[in-house]
$ cat coords00.cif   # mmCIF, C-alpha atoms
data_protein
loop_
_atom_site.label_atom_id
_atom_site.label_comp_id
_atom_site.auth_asym_id
_atom_site.auth_seq_id
_atom_site.Cartn_x
_atom_site.Cartn_y
_atom_site.Cartn_z
CA MET A 27 -23.45 -8.47 169.06
CA SER A 28 -21.41 -11.32 170.54
CA GLU A 29 -22.80 -13.78 173.08
CA ALA A 30 -20.17 -12.64 175.59
CA LEU A 31 -21.35 -9.03 175.34
CA GLU A 32 -24.97 -10.09 175.72
CA ALA A 33 -24.08 -12.07 178.85
CA ALA A 34 -22.11 -9.16 180.29
CA LEU A 35 -24.98 -6.72 179.74
CA GLU A 36 -27.40 -9.17 181.32
CA CYS A 37 -25.20 -9.25 184.43
CA PHE A 38 -24.87 -5.47 184.42
CA ALA A 39 -28.38 -4.22 183.73
CA GLY A 40 -30.61 -7.07 182.66
CA ARG A 41 -31.75 -5.30 179.48
CA ARG A 42 -30.77 -2.94 176.70
CA THR A 43 -32.64 0.26 175.96
CA ALA A 44 -33.37 2.37 172.91
CA GLN A 45 -31.81 5.79 172.54
CA GLY A 46 -35.04 7.44 173.60
CA ASP A 47 -35.07 5.87 177.05
CA PRO A 48 -34.02 8.58 179.53
CA MET A 49 -32.63 5.98 181.97
CA ARG A 50 -29.67 4.64 180.08
CA HIS A 51 -25.89 4.45 179.99
CA ARG A 52 -23.92 5.01 176.81
CA PHE A 53 -20.73 3.06 176.17
CA ALA A 54 -18.03 2.76 173.55
CA VAL A 55 -17.29 -0.92 172.92
CA LEU A 56 -13.62 -1.66 172.18
CA PRO A 57 -12.29 -3.03 169.96
CA SER A 58 -15.74 -3.97 168.53
CA ARG A 59 -19.10 -5.48 169.41
CA GLN A 60 -18.05 -8.72 167.74
CA ASP A 61 -14.85 -8.87 169.80
CA PRO A 62 -15.67 -6.89 172.97
CA ARG A 63 -13.13 -6.38 175.75
CA TYR A 64 -13.76 -2.90 177.15
CA LEU A 65 -16.86 -0.77 177.62
CA LEU A 66 -15.98 2.87 178.33
CA PRO A 67 -18.65 5.31 179.56
CA LEU A 68 -19.49 8.19 177.26
CA GLY A 69 -20.91 11.62 177.99
CA ASP A 70 -18.36 12.94 180.50
CA SER A 71 -14.66 12.98 179.63
CA ARG A 72 -13.72 12.62 183.34
CA THR A 73 -15.37 9.22 183.70
CA THR A 74 -14.26 8.16 180.21
CA LEU A 75 -10.62 8.91 181.05
CA GLU A 76 -10.87 7.31 184.48
CA GLY A 77 -12.45 4.29 182.83
CA PHE A 78 -9.14 3.57 181.11
CA ARG A 79 -7.85 2.41 184.51
CA VAL A 80 -9.81 -0.82 184.10
CA TYR A 81 -7.08 -1.87 181.65
CA THR A 82 -3.30 -1.51 182.21
CA PRO A 83 -1.35 -2.52 179.09
CA TYR A 84 2.36 -3.42 179.23
CA GLY A 85 3.02 -4.26 175.59
CA LEU A 86 4.38 -1.33 173.58
CA GLY A 87 1.67 -1.38 170.91
CA ALA A 88 -1.16 -1.55 173.43
CA ARG A 89 0.34 1.29 175.50
CA VAL A 90 0.62 3.49 172.41
CA ARG A 91 -2.97 2.81 171.36
CA LYS A 92 -4.29 3.53 174.83
CA GLY A 93 -2.29 6.76 175.06
CA LEU A 94 -3.50 8.00 171.69
CA LEU A 95 -7.11 7.26 172.53
CA ALA A 96 -6.78 9.05 175.87
CA GLN A 97 -5.42 12.12 174.11
CA ILE A 98 -8.37 12.08 171.69
CA VAL A 99 -10.82 11.92 174.59
CA LYS A 100 -9.11 14.90 176.23
CA THR A 101 -9.71 16.98 173.12
CA GLY A 102 -13.44 16.53 173.61
CA TRP A 103 -14.01 14.96 170.18
CA SER A 104 -16.71 12.29 170.50
CA GLY A 105 -16.50 10.98 166.95
CA TRP A 106 -14.01 8.28 167.96
CA ALA A 107 -16.81 6.32 169.67
CA MET A 108 -18.57 5.00 166.59
CA HIS A 109 -21.87 3.14 167.07
CA PRO A 110 -22.21 3.67 170.84
CA LEU A 111 -24.09 1.07 172.85
CA TYR A 112 -27.07 2.17 174.94
CA VAL A 113 -27.64 0.08 178.06
CA GLY A 114 -30.48 0.19 180.55
CA GLU A 115 -30.13 1.63 184.03
CA PRO A 116 -28.65 -1.06 186.32
CA LEU A 117 -31.12 -0.38 189.11
CA GLY A 118 -30.09 -3.25 191.40
CA LEU A 119 -26.39 -2.64 190.93
CA LYS A 120 -26.80 1.08 191.40
CA ALA A 121 -28.75 0.56 194.64
CA LEU A 122 -26.03 -1.72 196.01
CA VAL A 123 -23.26 0.75 195.11
CA THR A 124 -25.20 3.57 196.79
CA ASN A 125 -25.70 1.51 199.93
CA VAL A 126 -22.02 0.56 200.11
CA THR A 127 -20.38 3.86 199.08
CA GLY A 128 -23.04 6.55 199.48
CA GLU A 129 -22.62 7.64 195.83
CA ARG A 130 -26.08 8.19 194.29
CA ASN A 131 -25.00 8.65 190.68
CA PRO A 132 -22.20 6.17 190.01
CA ALA A 133 -20.61 5.74 186.60
CA PHE A 134 -19.28 2.46 185.27
CA ALA A 135 -16.63 1.08 182.95
CA MET A 136 -16.44 -2.63 182.11
CA LEU A 137 -13.84 -5.22 181.20
CA LEU A 138 -14.69 -8.63 179.78
CA GLY A 139 -12.10 -11.14 180.87
CA THR A 140 -10.25 -13.75 178.84
CA PRO A 141 -12.60 -16.00 176.85
CA GLY A 142 -13.07 -19.48 178.27
CA LYS A 143 -14.78 -21.32 181.10
CA TYR A 144 -13.62 -18.79 183.72
CA ARG A 145 -14.63 -15.58 181.91
CA LYS A 146 -15.69 -12.77 184.21
CA LEU A 147 -17.09 -9.27 184.00
CA THR A 148 -15.12 -6.64 185.92
CA ILE A 149 -16.99 -3.38 186.54
CA GLN A 150 -15.07 -0.27 187.52
CA VAL A 151 -17.29 1.84 189.79
CA MET A 152 -16.72 5.60 189.74
CA ARG A 153 -18.16 8.72 191.27
CA ALA A 154 -19.69 11.26 188.91
CA SER A 155 -16.49 13.30 189.39
CA GLY A 156 -14.43 10.43 187.95
CA GLU A 157 -12.92 9.05 191.17
CA THR A 158 -12.73 5.26 191.23
CA MET A 159 -14.48 3.77 194.27
CA GLY A 160 -13.89 0.10 193.58
CA TYR A 161 -14.18 -2.87 191.26
CA ILE A 162 -16.97 -5.42 191.01
CA LYS A 163 -16.33 -8.94 189.72
CA LEU A 164 -19.10 -11.16 188.41
CA GLY A 165 -18.63 -14.61 186.91
CA LEU A 166 -20.19 -15.12 183.49
CA THR A 167 -20.11 -18.91 183.97
CA LYS A 168 -20.58 -21.22 186.97
CA PRO A 169 -16.82 -21.99 187.22
CA ALA A 170 -16.05 -18.26 186.97
CA SER A 171 -18.53 -17.50 189.77
CA ASP A 172 -16.84 -20.11 191.93
CA ARG A 173 -13.51 -18.38 191.34
CA VAL A 174 -14.96 -15.01 192.37
CA ARG A 175 -16.30 -16.63 195.54
CA HIS A 176 -12.84 -18.11 196.17
CA GLU A 177 -11.18 -14.72 195.76
CA ALA A 178 -13.54 -13.17 198.30
CA ARG A 179 -12.52 -15.84 200.85
CA VAL A 180 -8.83 -15.33 200.06
CA LEU A 181 -9.03 -11.56 200.56
CA GLU A 182 -10.70 -12.03 203.94
CA ASP A 183 -8.00 -14.55 204.85
CA LEU A 184 -5.28 -12.07 203.86
CA SER A 185 -6.74 -9.14 205.79
CA GLY A 186 -3.49 -8.94 207.77
CA LEU A 187 -1.67 -7.82 204.61
CA ARG A 188 -3.81 -4.73 204.08
CA PRO A 189 -3.36 -2.14 202.66
CA GLN A 190 -1.22 -4.22 200.29
CA VAL A 191 -4.23 -6.29 199.25
CA PRO A 192 -7.73 -4.96 198.43
CA CYS A 193 -10.39 -4.47 201.08
CA VAL A 194 -13.68 -6.31 200.48
CA LEU A 195 -16.55 -3.80 200.35
CA TYR A 196 -19.22 -6.40 199.65
CA ALA A 197 -19.37 -10.09 198.73
CA GLY A 198 -22.40 -12.30 198.20
CA GLU A 199 -24.79 -14.01 195.82
CA TRP A 200 -25.95 -11.79 192.97
CA GLN A 201 -28.65 -12.91 190.54
CA ASN A 202 -27.30 -16.16 189.06
CA SER A 203 -23.69 -15.35 189.90
CA TYR A 204 -21.49 -14.30 192.80
CA MET A 205 -20.37 -10.71 193.37
CA LEU A 206 -17.14 -9.40 194.83
CA PHE A 207 -16.93 -5.61 195.30
CA GLN A 208 -13.45 -4.57 196.37
CA ALA A 209 -11.78 -1.24 197.04
CA PRO A 210 -9.12 -0.01 194.59
CA LEU A 211 -5.43 -0.08 195.40
CA ASP A 212 -3.66 3.26 195.35
CA GLY A 213 -0.50 3.93 193.40
CA ARG A 214 0.95 3.66 189.93
CA PRO A 215 1.15 0.42 187.92
CA GLY A 216 3.93 -1.86 189.13
CA PRO A 217 7.20 -2.20 187.18
CA PRO A 218 7.86 -5.12 184.80
CA GLU A 219 11.08 -6.10 186.61
CA LEU A 220 11.38 -8.04 189.85
CA SER A 221 12.88 -5.94 192.62
CA GLY A 222 13.33 -5.80 196.37
CA MET A 223 9.75 -4.72 196.99
CA HIS A 224 8.47 -7.79 195.12
CA VAL A 225 10.68 -10.04 197.25
CA GLU A 226 9.55 -8.26 200.42
CA PHE A 227 5.90 -8.80 199.57
CA LEU A 228 6.39 -12.46 198.68
CA GLU A 229 8.27 -13.04 201.93
CA LYS A 230 5.30 -11.63 203.86
CA LEU A 231 2.97 -13.92 201.91
CA ALA A 232 5.24 -16.91 202.56
CA SER A 233 5.21 -16.29 206.30
CA ILE A 234 1.43 -16.76 206.58
CA ARG A 235 1.29 -20.55 206.12
CA ARG A 236 4.60 -22.18 205.34
CA VAL A 237 5.17 -25.93 205.21
CA ASP A 238 8.00 -28.10 203.88
CA LYS A 239 7.07 -30.95 201.54
CA PRO A 240 9.19 -33.78 200.15
CA GLY A 241 10.06 -33.04 196.55
CA LEU A 242 8.51 -36.27 195.31
CA GLN A 243 5.20 -35.30 196.96
CA VAL A 244 5.20 -32.04 194.98
CA VAL A 245 5.89 -34.01 191.78
CA GLU A 246 2.95 -36.32 192.45
CA GLU A 247 0.61 -33.42 193.21
CA VAL A 248 1.49 -31.63 189.97
CA GLY A 249 1.18 -34.90 188.06
CA ALA A 250 -2.31 -35.53 189.45
CA HIS A 251 -3.51 -32.07 188.38
CA TRP A 252 -1.91 -32.53 184.96
CA ASN A 253 -3.73 -35.82 184.41
CA GLU A 254 -7.06 -34.21 185.38
CA VAL A 255 -6.87 -31.67 182.54
CA THR A 256 -5.04 -33.63 179.84
CA TRP A 257 -6.81 -36.98 179.78
CA ARG A 258 -8.57 -35.89 176.58
CA CYS A 259 -5.45 -34.42 174.97
CA ASP A 260 -3.46 -36.16 172.25
CA TRP A 261 -0.34 -38.22 172.88
CA ARG A 262 2.02 -35.27 172.43
CA TRP A 263 0.73 -33.53 175.54
CA LYS A 264 0.84 -36.75 177.55
CA GLN A 265 4.37 -37.44 176.37
CA LEU A 266 5.45 -33.93 177.40
CA GLY A 267 3.93 -34.44 180.85
CA THR A 268 5.60 -37.82 181.30
CA ALA A 269 9.02 -36.46 180.35
CA THR A 270 8.65 -33.44 182.63
CA LEU A 271 7.54 -35.45 185.67
CA SER A 272 10.32 -37.98 185.14
CA THR A 273 12.99 -35.27 185.02
CA ALA A 274 11.50 -33.46 188.02
CA ARG A 275 11.58 -36.67 190.06
CA ARG A 276 15.30 -36.99 189.49
CA GLU A 277 15.89 -33.33 190.35
CA LEU A 278 13.77 -33.35 193.52
CA GLU A 279 14.21 -36.90 194.85
CA LYS A 280 16.08 -35.86 198.00
CA ILE A 281 14.89 -32.24 198.26
CA MET A 282 12.54 -30.72 200.82
CA VAL A 283 10.49 -27.97 199.15
CA PRO A 284 9.24 -24.92 201.10
CA CYS A 285 5.59 -24.35 200.19
CA GLY A 286 2.89 -21.85 201.07
CA LEU A 287 0.44 -19.44 199.49
CA TRP A 288 0.78 -18.88 195.74
CA HIS A 289 -0.85 -15.79 194.26
CA GLY A 290 -1.41 -17.66 191.01
CA ASP A 291 -1.02 -14.69 188.67
CA PHE A 292 1.74 -12.59 190.22
CA ALA A 293 2.44 -10.28 187.28
CA PRO A 294 3.12 -6.54 186.76
CA TRP A 295 -0.46 -5.80 185.63
CA ASN A 296 -1.79 -7.09 188.97
CA THR A 297 0.39 -4.80 191.08
CA ARG A 298 0.50 -1.19 192.23
CA VAL A 299 3.32 0.82 193.84
CA ILE A 300 2.97 3.68 196.29
CA ASP A 301 5.72 5.10 198.53
CA GLY A 302 8.05 2.29 197.50
CA ARG A 303 5.64 -0.41 198.66
CA LEU A 304 4.07 -3.06 196.44
CA SER A 305 0.34 -3.87 196.55
CA VAL A 306 -1.21 -6.83 194.74
CA PHE A 307 -4.72 -7.60 193.50
CA ASP A 308 -6.51 -10.31 191.45
CA TRP A 309 -6.29 -13.21 193.92
CA GLU A 310 -8.81 -15.52 192.27
CA SER A 311 -6.16 -18.16 191.40
CA CYS A 312 -4.51 -18.20 194.82
CA GLU A 313 -3.65 -21.68 196.14
CA ASP A 314 -2.18 -23.07 199.34
CA GLY A 315 0.69 -25.54 199.65
CA VAL A 316 2.47 -24.49 196.45
CA PRO A 317 6.28 -24.12 196.05
CA LEU A 318 7.20 -20.62 197.16
CA GLY A 319 9.40 -19.87 194.16
CA TRP A 320 6.55 -20.25 191.68
CA ASP A 321 5.41 -16.64 192.01
CA THR A 322 8.81 -15.34 190.87
CA PHE A 323 8.88 -17.89 188.02
CA HIS A 324 5.42 -16.79 186.93
CA PHE A 325 6.23 -13.09 187.06
CA SER A 326 9.25 -13.40 184.79
CA VAL A 327 7.66 -15.90 182.40
CA GLN A 328 4.57 -13.70 182.02
CA VAL A 329 6.70 -10.65 181.19
CA SER A 330 8.97 -12.62 178.86
CA SER A 331 5.97 -14.12 177.07
CA LEU A 332 4.36 -10.71 176.60
CA LEU A 333 7.56 -9.10 175.33
CA LYS A 334 8.56 -12.21 173.35
CA LYS A 335 11.90 -12.51 175.13
CA SER A 336 13.74 -15.39 176.74
CA TRP A 337 13.12 -15.95 180.45
CA ARG A 338 16.64 -17.39 180.81
CA THR A 339 18.19 -14.01 181.56
CA LYS A 340 16.10 -13.91 184.76
CA PHE A 341 17.18 -17.03 186.65
CA ASP A 342 20.13 -19.22 187.43
CA LEU A 343 18.49 -22.61 187.87
CA THR A 344 21.75 -24.12 189.09
CA ALA A 345 22.00 -21.75 192.06
CA ALA A 346 19.89 -23.84 194.44
CA PRO A 347 19.29 -27.59 194.70
CA GLY A 348 16.03 -28.55 193.03
CA ALA A 349 15.47 -25.17 191.35
CA ARG A 350 15.39 -26.63 187.85
CA GLY A 351 12.96 -29.35 188.88
CA LEU A 352 10.64 -26.78 190.47
CA PHE A 353 10.78 -24.62 187.35
CA LEU A 354 9.83 -27.60 185.19
CA LEU A 355 6.90 -28.34 187.48
CA TYR A 356 5.82 -24.70 187.41
CA LEU A 357 5.76 -24.74 183.59
CA LEU A 358 3.79 -27.99 183.54
CA ALA A 359 1.28 -26.71 186.11
CA SER A 360 0.94 -23.44 184.19
CA LEU A 361 0.31 -25.34 180.96
CA GLY A 362 -2.32 -27.40 182.73
CA ARG A 363 -4.09 -24.26 183.89
CA SER A 364 -4.08 -22.82 180.38
CA LEU A 365 -5.47 -26.03 178.92
CA ASP A 366 -8.19 -26.06 181.58
CA GLU A 367 -9.15 -22.43 181.06
CA ARG A 368 -9.05 -22.19 177.27
CA ALA A 369 -9.57 -24.97 174.78
CA GLU A 370 -8.00 -23.12 171.85
CA GLU A 371 -4.32 -22.52 171.25
CA ASN A 372 -3.03 -19.14 172.42
CA PRO A 373 0.36 -17.37 172.48
CA ALA A 374 0.86 -17.74 176.24
CA LEU A 375 0.22 -21.48 176.03
CA GLU A 376 2.60 -21.90 173.11
CA TYR A 377 5.33 -19.87 174.85
CA ARG A 378 5.21 -22.08 177.94
CA LYS A 379 5.06 -25.25 175.90
CA GLN A 380 8.17 -24.27 173.95
CA ALA A 381 9.98 -23.10 177.10
CA LEU A 382 9.28 -26.48 178.71
CA ILE A 383 10.46 -28.40 175.65
CA ASN A 384 13.64 -26.30 175.48
CA GLU A 385 14.37 -26.81 179.19
CA LEU A 386 13.93 -30.56 178.94
CA VAL A 387 16.74 -30.83 176.39
CA VAL A 388 19.14 -28.78 178.56
CA LYS A 389 21.70 -31.07 180.20
#
$ encode --input "coords00.cif" --output "structure tokens"
Amino acid sequence: MSEALEAALECFAGRRTAQGDPMRHRFAVLPSRQDPRYLLPLGDSRTTLEGFRVYTPYGLGARVRKGLLAQIVKTGWSGWAMHPLYVGEPLGLKALVTNVTGERNPAFAMLLGTPGKYRKLTIQVMRASGETMGYIKLGLTKPASDRVRHEARVLEDLSGLRPQVPCVLYAGEWQNSYMLFQAPLDGRPGPPELSGMHVEFLEKLASIRRVDKPGLQVVEEVGAHWNEVTWRCDWRWKQLGTATLSTARRELEKIMVPCGLWHGDFAPWNTRVIDGRLSVFDWESCEDGVPLGWDTFHFSVQVSSLLKKSWRTKFDLTAAPGARGLFLLYLLASLGRSLDERAEENPALEYRKQALINELVVK
């Protein structure tokens, strides 16, 4: 069993149990115990199927695999869950859920976040009937716990946007971590294309705390963050940062940049749609005083990276003064975040790095 799975189970229940223990939960670990991402509850097809909601794939292959597995579960065949994992009764967690929701026999599904210093455990909390009551986040590291705490503060700060942002059911210290228990957002998964409802939501977000900054101030702020995470990197990364900041200075020298709240991971998989209205969750990376266009940049770059397409069909960077400079700064800031979060190379990091290099050579 991997260290990440051991840490997740420690957060969840504190111990594992043998098959003979009557107080236990049985999970299928996907894709494997050595590379765990999802823990789906076994024993009742309603909660197993509902547990799939903890993960919303957008790539074609992942959607097909999830759909096939869901169909197998509906048939009632349990042989797909090879080597199930038996986990002890999470007495403390169960008591908290009962106190908050009134449900005495909750079921759980789990998602282990992206490996790295900010890895978290997300627990989907369900009624015995299969209805999702909410999601619990727990940091598996100290930096991850700090992010969960930050998200709880952000959601309270954004209470005026409800029901388009989650409601906090409970937030507080939990064992050696910090817990955020939030209500689910209704609706279907959001579309992978920017539309009017995305713009409408971002305009509401922008109206909360808007401030104009000189373009050169934005360049210096991004440069300072870049230096904080790349001082140990080799000369290639430093050279890329220097070239980007130099170009951005020229582009933004006489520009005033509207700034405000940045979601930080505004992407289709963090959205829901109901009655033509967009709702957004996963606010742990939200920051203040960030260029307002960065959320739209991030949305399109995330989708393009996932689908391995060019982002250039999404934007005309010549349409507004300073747009190209802001896009360059977004890419550099996004690269800095990736380097901070994960030490190893990954496809998303490489996509942004290449996009930045390509944009720098555009005249």
$ atom_distance --input "coords00.cif" --atom1 "atom CA of A:His176" --atom2 "atom CA of A:Ile300"
26.9 Å
$ residues_around --input "coords00.cif" --residues "stretch 313-329 of chain A" --least-positions-apart "3" --cutoff "10 Å" --atoms "all atoms listed in the file" --output "number ranges by chain"
A: 84-85, 176, 180, 218-220, 224-225, 228-229, 231-232, 235-239, 241, 244, 247-248, 283-295, 309-310, 332-341, 349, 352-353, 355-357, 360, 374, 377-378, 381
$ residues_around --input "coords00.cif" --residues "A:Glu32" --least-positions-apart "6" --cutoff "12 Å" --atoms "all atoms listed in the file" --output "ChimeraX atom specification"
/A:38-42,59-62,111,113,138,147,166
$ atom_distance --input "coords00.cif" --atom1 "atom CA of A:Gly128" --atom2 "atom CA of A:Pro116"
16.2 Å
$ resolve_selection --input "coords00.cif" --expression "the PyMOL selection byres ((chain A and resi 249) around 9)" --output "short mmCIF file (atom, residue, chain, number, x, y, z; two decimals) with C-alpha atoms, keeping the file's coordinate frame"
data_model
loop_
_atom_site.label_atom_id
_atom_site.label_comp_id
_atom_site.auth_asym_id
_atom_site.auth_seq_id
_atom_site.Cartn_x
_atom_site.Cartn_y
_atom_site.Cartn_z
CA VAL A 244 5.20 -32.04 194.98
CA VAL A 245 5.89 -34.01 191.78
CA GLU A 246 2.95 -36.32 192.45
CA GLU A 247 0.61 -33.42 193.21
CA VAL A 248 1.49 -31.63 189.97
CA ALA A 250 -2.31 -35.53 189.45
CA HIS A 251 -3.51 -32.07 188.38
CA TRP A 252 -1.91 -32.53 184.96
CA ASN A 253 -3.73 -35.82 184.41
CA GLU A 254 -7.06 -34.21 185.38
CA GLY A 267 3.93 -34.44 180.85
CA THR A 268 5.60 -37.82 181.30
CA LEU A 271 7.54 -35.45 185.67
CA LEU A 355 6.90 -28.34 187.48
CA LEU A 358 3.79 -27.99 183.54
CA ALA A 359 1.28 -26.71 186.11
#
$ closest_residue --input "coords00.cif" --among "A:Ser331, A:Tyr196, A:Leu386, A:Lys230" --to "A:Ala269" --atoms "all atoms listed in the file"
A:Leu386
$ atom_distance --input "coords00.cif" --atom1 "atom CA of A:Thr148" --atom2 "atom CA of A:Arg72"
19.5 Å
